[in-house]
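S.K.: I'd like to ask you about the structure that follows.
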Amino acid sequence: MMELVKAIGFGLVVLLPLANPLTTVALFLGLAGDMNKKARDKTALMASVNVFIIMMVAYYAGQVVMNTFGISIPGLRIAGGLIVAFIGFRMLFPQQKAHESPEAHTKAEELEQEPDTNIAFVPLAMPSTAGPGTIAMIISSSSTIEHGVNFSNWVVLVAPPLIFALVGVILWGSLRSSGAIMRLVGKSGIEAISRLMGFLLVCMGVQFIINGVLEIITHFPAQ
């Protein structure tokens, strides 16, 4: 059981900086200003379910996609590292707020014309929470697990769905409590936390690139 807890904790530490629910909270508040409480709660639940589904599909179908296109593990790690590092740099030095993204602008215009427009999938679930960096991380993790880890087989089977479900629950709780979070932390607090997570992502991305390069050197030594 401790092994399962350790695996879940490790998964959350890796995924939460990428998912960054607080950024989604700011985006949610910007787009759901005219919704009543019932509509907000429904949107929060749908966004969380969508995130869980996206992560499950990425984890279980990612290996098939890699095999189909002939993508190697080192190549995926380097590409994923570049994406994660790029997202981290954008969080460290933001050029635009979450509610100013193209997806948010599009949904804001749709909401003005049609108040019942669904924002649970785009932009709350994707790309705000389960974006390219999150998906790349999940696919890379699934490939790493396929090639051997230090966890038992039953932990490898049980942990991923639990991790994705917990990320969904954390997002759901954050969106349900979005008003209280903004009053407690404020926009400046969310920006500070986002920049801290951005720094962590840059470090993680660089480490993924290093691991990929080392794996290439190990498997293809100079002749």
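Here's how to read the names in the structure tokens: chain A, B, ... by the order shown, residue numbers from 1 in each chain, ligand numbers from 1 in the order shown.
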Residues within 12 Å of Ala47 (chain A), please, as number ranges by chain. Count only C-alpha atoms; anything in the same chain fewer than 4 positions from it doesn't count.

M.R.: A: 21, 24-25, 28, 40-43, 51-54, 118-130, 167-176

S.K.: Just to be explicit: take each residue in the selection above, keep C-alpha atoms, and write the result as a compact mmCIF listing (two decimals), in the first residue's frame.

M.R.:
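Dumped to part.txt:
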```txt
# COMPACT_ATOMS: atom_id res chain seq x y z
CA PRO A 21 -5.41 24.25 -11.65
CA THR A 24 -7.66 27.32 -14.89
CA VAL A 25 -9.45 28.94 -11.95
CA PHE A 28 -12.91 29.96 -15.35
CA ARG A 40 -20.84 26.90 -12.71
CA ASP A 41 -20.96 23.68 -10.70
CA LYS A 42 -22.04 21.70 -13.78
CA THR A 43 -19.23 23.23 -15.87
CA VAL A 51 -9.54 16.16 -18.05
CA PHE A 52 -9.72 12.62 -16.67
CA ILE A 53 -10.78 11.23 -20.07
CA ILE A 54 -8.05 13.15 -21.95
CA ASN A 118 -19.95 24.91 -23.33
CA ILE A 119 -16.53 25.95 -21.98
CA ALA A 120 -15.88 22.70 -20.07
CA PHE A 121 -13.80 21.05 -22.81
CA VAL A 122 -12.27 24.07 -24.57
CA PRO A 123 -10.58 25.95 -23.02
CA LEU A 124 -10.89 24.65 -19.42
CA ALA A 125 -9.98 20.99 -19.97
CA MET A 126 -7.84 21.52 -23.08
CA PRO A 127 -5.51 23.35 -23.42
CA SER A 128 -5.68 25.03 -20.00
CA THR A 129 -5.39 21.88 -17.84
CA ALA A 130 -4.61 18.91 -20.09
CA VAL A 167 -6.07 15.54 -10.73
CA GLY A 168 -9.69 15.73 -11.89
CA VAL A 169 -10.95 15.95 -8.30
CA ILE A 170 -8.41 18.68 -7.47
CA LEU A 171 -9.50 20.64 -10.54
CA TRP A 172 -13.17 20.15 -9.64
CA GLY A 173 -12.60 21.36 -6.09
CA SER A 174 -10.59 24.33 -7.33
CA LEU A 175 -13.28 25.37 -9.81
CA ARG A 176 -16.05 24.88 -7.26
```

S.K.: Work out how far CA of Pro74 (chain A) is from CA of Val213 (chain A), in Å to one decimal.

M.R.: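 Separating CA of Val213 (chain A) from CA of Pro74 (chain A) is a distance of 6.9 Å.
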
S.K.: Within 12 Å of Leu82 (chain A), counting only C-alpha atoms, which residues show up once you throw out same-chain ones fewer than 2 positions away? Write them as a PyMOL selection string, please.

M.R.: chain A and resi 75-80+84-89+132-133+136-137+201-210+212

S.K.: For the selection just defined, write its residues with N, CA, C and O atoms to a file, as a JSON list (two decimals), in the first residue's frame.

M.R.:
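Listing of selection04.json after writing:
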```
[["chain", "number", "residue", "atom", "x", "y", "z"],
["A", 75, "GLY", "N", 13.62, 10.13, -28.31],
["A", 75, "GLY", "CA", 13.05, 11.23, -29.09],
["A", 75, "GLY", "C", 11.86, 11.85, -28.39],
["A", 75, "GLY", "O", 11.70, 13.08, -28.36],
["A", 76, "LEU", "N", 11.00, 11.00, -27.81],
["A", 76, "LEU", "CA", 9.83, 11.51, -27.10],
["A", 76, "LEU", "C", 10.26, 12.29, -25.86],
["A", 76, "LEU", "O", 9.69, 13.34, -25.56],
["A", 77, "ARG", "N", 11.28, 11.80, -25.16],
["A", 77, "ARG", "CA", 11.72, 12.50, -23.95],
["A", 77, "ARG", "C", 12.30, 13.87, -24.29],
["A", 77, "ARG", "O", 12.04, 14.85, -23.59],
["A", 78, "ILE", "N", 13.08, 13.93, -25.36],
["A", 78, "ILE", "CA", 13.65, 15.22, -25.75],
["A", 78, "ILE", "C", 12.55, 16.18, -26.20],
["A", 78, "ILE", "O", 12.52, 17.35, -25.80],
["A", 79, "ALA", "N", 11.63, 15.69, -27.04],
["A", 79, "ALA", "CA", 10.53, 16.54, -27.51],
["A", 79, "ALA", "C", 9.64, 16.97, -26.35],
["A", 79, "ALA", "O", 9.27, 18.14, -26.24],
["A", 80, "GLY", "N", 9.32, 16.01, -25.47],
["A", 80, "GLY", "CA", 8.52, 16.35, -24.30],
["A", 80, "GLY", "C", 9.22, 17.34, -23.39],
["A", 80, "GLY", "O", 8.60, 18.27, -22.85],
["A", 84, "VAL", "N", 7.77, 20.94, -22.31],
["A", 84, "VAL", "CA", 7.61, 21.27, -20.90],
["A", 84, "VAL", "C", 8.43, 22.51, -20.53],
["A", 84, "VAL", "O", 7.96, 23.41, -19.83],
["A", 85, "ALA", "N", 9.68, 22.55, -21.02],
["A", 85, "ALA", "CA", 10.52, 23.72, -20.73],
["A", 85, "ALA", "C", 9.94, 24.98, -21.35],
["A", 85, "ALA", "O", 9.96, 26.05, -20.74],
["A", 86, "PHE", "N", 9.40, 24.86, -22.56],
["A", 86, "PHE", "CA", 8.80, 26.03, -23.23],
["A", 86, "PHE", "C", 7.60, 26.55, -22.44],
["A", 86, "PHE", "O", 7.44, 27.76, -22.23],
["A", 87, "ILE", "N", 6.75, 25.62, -21.98],
["A", 87, "ILE", "CA", 5.60, 26.02, -21.16],
["A", 87, "ILE", "C", 6.08, 26.66, -19.87],
["A", 87, "ILE", "O", 5.51, 27.66, -19.40],
["A", 88, "GLY", "N", 7.14, 26.10, -19.29],
["A", 88, "GLY", "CA", 7.69, 26.68, -18.07],
["A", 88, "GLY", "C", 8.19, 28.10, -18.29],
["A", 88, "GLY", "O", 7.95, 28.99, -17.46],
["A", 89, "PHE", "N", 8.88, 28.34, -19.41],
["A", 89, "PHE", "CA", 9.36, 29.69, -19.72],
["A", 89, "PHE", "C", 8.19, 30.65, -19.90],
["A", 89, "PHE", "O", 8.26, 31.81, -19.47],
["A", 132, "PRO", "N", -0.69, 20.43, -24.21],
["A", 132, "PRO", "CA", 0.37, 19.63, -24.87],
["A", 132, "PRO", "C", 1.44, 19.13, -23.91],
["A", 132, "PRO", "O", 1.89, 17.99, -24.04],
["A", 133, "GLY", "N", 1.84, 19.96, -22.95],
["A", 133, "GLY", "CA", 2.87, 19.54, -22.00],
["A", 133, "GLY", "C", 2.40, 18.39, -21.13],
["A", 133, "GLY", "O", 3.15, 17.43, -20.90],
["A", 136, "ALA", "N", 2.22, 15.24, -23.33],
["A", 136, "ALA", "CA", 3.56, 14.74, -23.62],
["A", 136, "ALA", "C", 4.16, 14.04, -22.41],
["A", 136, "ALA", "O", 4.81, 13.00, -22.52],
["A", 137, "MET", "N", 3.94, 14.63, -21.23],
["A", 137, "MET", "CA", 4.43, 14.02, -19.99],
["A", 137, "MET", "C", 3.80, 12.66, -19.75],
["A", 137, "MET", "O", 4.48, 11.69, -19.38],
["A", 201, "LEU", "N", 8.88, 23.55, -13.96],
["A", 201, "LEU", "CA", 8.70, 22.93, -15.27],
["A", 201, "LEU", "C", 9.94, 23.09, -16.13],
["A", 201, "LEU", "O", 10.32, 22.17, -16.87],
["A", 202, "VAL", "N", 10.60, 24.25, -16.07],
["A", 202, "VAL", "CA", 11.84, 24.45, -16.82],
["A", 202, "VAL", "C", 12.88, 23.43, -16.37],
["A", 202, "VAL", "O", 13.55, 22.79, -17.20],
["A", 203, "CYS", "N", 13.01, 23.26, -15.06],
["A", 203, "CYS", "CA", 13.97, 22.28, -14.52],
["A", 203, "CYS", "C", 13.62, 20.86, -14.97],
["A", 203, "CYS", "O", 14.51, 20.09, -15.38],
["A", 204, "MET", "N", 12.32, 20.53, -14.91],
["A", 204, "MET", "CA", 11.90, 19.19, -15.34],
["A", 204, "MET", "C", 12.15, 18.99, -16.82],
["A", 204, "MET", "O", 12.63, 17.93, -17.25],
["A", 205, "GLY", "N", 11.83, 20.00, -17.63],
["A", 205, "GLY", "CA", 12.03, 19.89, -19.07],
["A", 205, "GLY", "C", 13.49, 19.69, -19.43],
["A", 205, "GLY", "O", 13.83, 18.84, -20.27],
["A", 206, "VAL", "N", 14.38, 20.45, -18.80],
["A", 206, "VAL", "CA", 15.81, 20.32, -19.06],
["A", 206, "VAL", "C", 16.29, 18.93, -18.65],
["A", 206, "VAL", "O", 17.10, 18.29, -19.36],
["A", 207, "GLN", "N", 15.78, 18.42, -17.52],
["A", 207, "GLN", "CA", 16.19, 17.08, -17.08],
["A", 207, "GLN", "C", 15.72, 16.01, -18.05],
["A", 207, "GLN", "O", 16.45, 15.04, -18.32],
["A", 208, "PHE", "N", 14.51, 16.18, -18.62],
["A", 208, "PHE", "CA", 14.02, 15.22, -19.61],
["A", 208, "PHE", "C", 14.92, 15.21, -20.84],
["A", 208, "PHE", "O", 15.22, 14.15, -21.39],
["A", 209, "ILE", "N", 15.35, 16.39, -21.26],
["A", 209, "ILE", "CA", 16.24, 16.49, -22.42],
["A", 209, "ILE", "C", 17.57, 15.80, -22.12],
["A", 209, "ILE", "O", 18.10, 15.05, -22.95],
["A", 210, "ILE", "N", 18.10, 16.05, -20.93],
["A", 210, "ILE", "CA", 19.36, 15.41, -20.53],
["A", 210, "ILE", "C", 19.21, 13.89, -20.53],
["A", 210, "ILE", "O", 20.07, 13.16, -21.05],
["A", 212, "GLY", "N", 17.10, 12.08, -22.23],
["A", 212, "GLY", "CA", 16.97, 11.61, -23.60],
["A", 212, "GLY", "C", 18.31, 11.55, -24.31],
["A", 212, "GLY", "O", 18.62, 10.57, -25.01]]
```

S.K.: Looking at only C-alpha atoms, which of A:Leu29, A:Val156, A:Gly81, A:Lys38 is the one that sits closest to Tyr59 (chain A)?

M.R.: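 The answer is A:Val156, which sits nearest to Tyr59 (chain A).
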
S.K.: Using only C-alpha atoms, which of A:Val65, A:Ile73, A:Met182, A:Ala44 sits nearest Ile216 (chain A)?

M.R.: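 Of A:Val65, A:Ile73, A:Met182, A:Ala44, the one nearest Ile216 (chain A), counting only C-alpha atoms, is A:Ile73.
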
S.K.: Between CA of Ser72 (chain A) and CA of Ser143 (chain A), what is the distance, to one decimal in Å?

M.R.: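 Those two atoms sit 9.5 Å apart.
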
S.K.: Go through A:Leu45, A:Ile83, A:Val185, A:Met197 one by one, measure the shortest atom-to-atom distance of each to Ala19 (chain A) using only C-alpha atoms, and give the residue with the smallest value.

M.R.: A:Met197

S.K.: Please run DSSP on the backbone and report, as a PyMOL selection string, all residues within region 5-223 of chain A that come out as helix (DSSP H, G or I).

M.R.: chain A and resi 5-19+21-31+37-69+73-92+98-100+102-113+120-129+132-146+153-176+178-219

S.K.: Rounded to one decimal place, report the CA of Val14 (chain A)-CA of Thr134 (chain A) distance in Å.

M.R.: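 Distance between the two atoms: 9.2 Å.
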
S.K.: Kindly indicate which residue among A:Pro160, A:Gly131, A:Gly186, A:Gly179 lies nearest to Asn20 (chain A), using only C-alpha atoms for the distances.

M.R.: A:Gly131

S.K.: With distances taken over only C-alpha atoms, which residue among A:Asn150, A:Phe199, A:Ile181, A:Leu214 lies nearest Leu22 (chain A)?

M.R.: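 Looking only at the distances to Leu22 (chain A), the closest residue turns out to be A:Ile181.
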
S.K.: Given only C-alpha atoms as the basis, pick out the residue of A:Leu15, A:Met35, A:Leu92, A:Leu4 nearest to Ser141 (chain A).

M.R.: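 The closest residue to Ser141 (chain A) is A:Leu15.
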